[in-house]
Amino acid sequence: MLRHRPHLLWLLVPFVLFLAALPWVNRVGPVILGLPFLSLWLLGATVLTPAAVALAWRGDQRLRRREGAE
């Protein structure tokens, strides 16, 4: 399935940011913009998640148009 829809790999970005990277970013210091590093990391992951979903959706839309033209 992924061979035909590689744009779905964008959906791994939230998983990696929220879960897989936690053992490496789970620390209080440094404090950036008044936030502990972990809080800033989770905030950034939350902001990037809709972008990753939008890229996967856009890839699906392109695929549907391409299949409809054939």
# chains A, B, ... in the order shown; residues from 1 in each chain; ligands from 1

$ residues_around --residues "segment 47-63 of chain A" --least-positions-apart "5" --cutoff "12 Å" --atoms "only C-alpha atoms" --output "PyMOL selection string"
chain A and resi 2+4-18+40-42+68-70

$ select_by_dssp --residues "chain A" --states "helix (DSSP H, G or I)" --output "ChimeraX atom specification"
/A:6-20,22-25,37-69

$ select_by_dssp --residues "chain A" --states "strand (DSSP E or B)" --output "list in words"
Val31, Ile32, Leu35 and Pro36 of chain A

$ atom_distance --atom1 "atom CA of Thr46 of chain A" --atom2 "atom CA of Pro30 of chain A"
19.7 Å
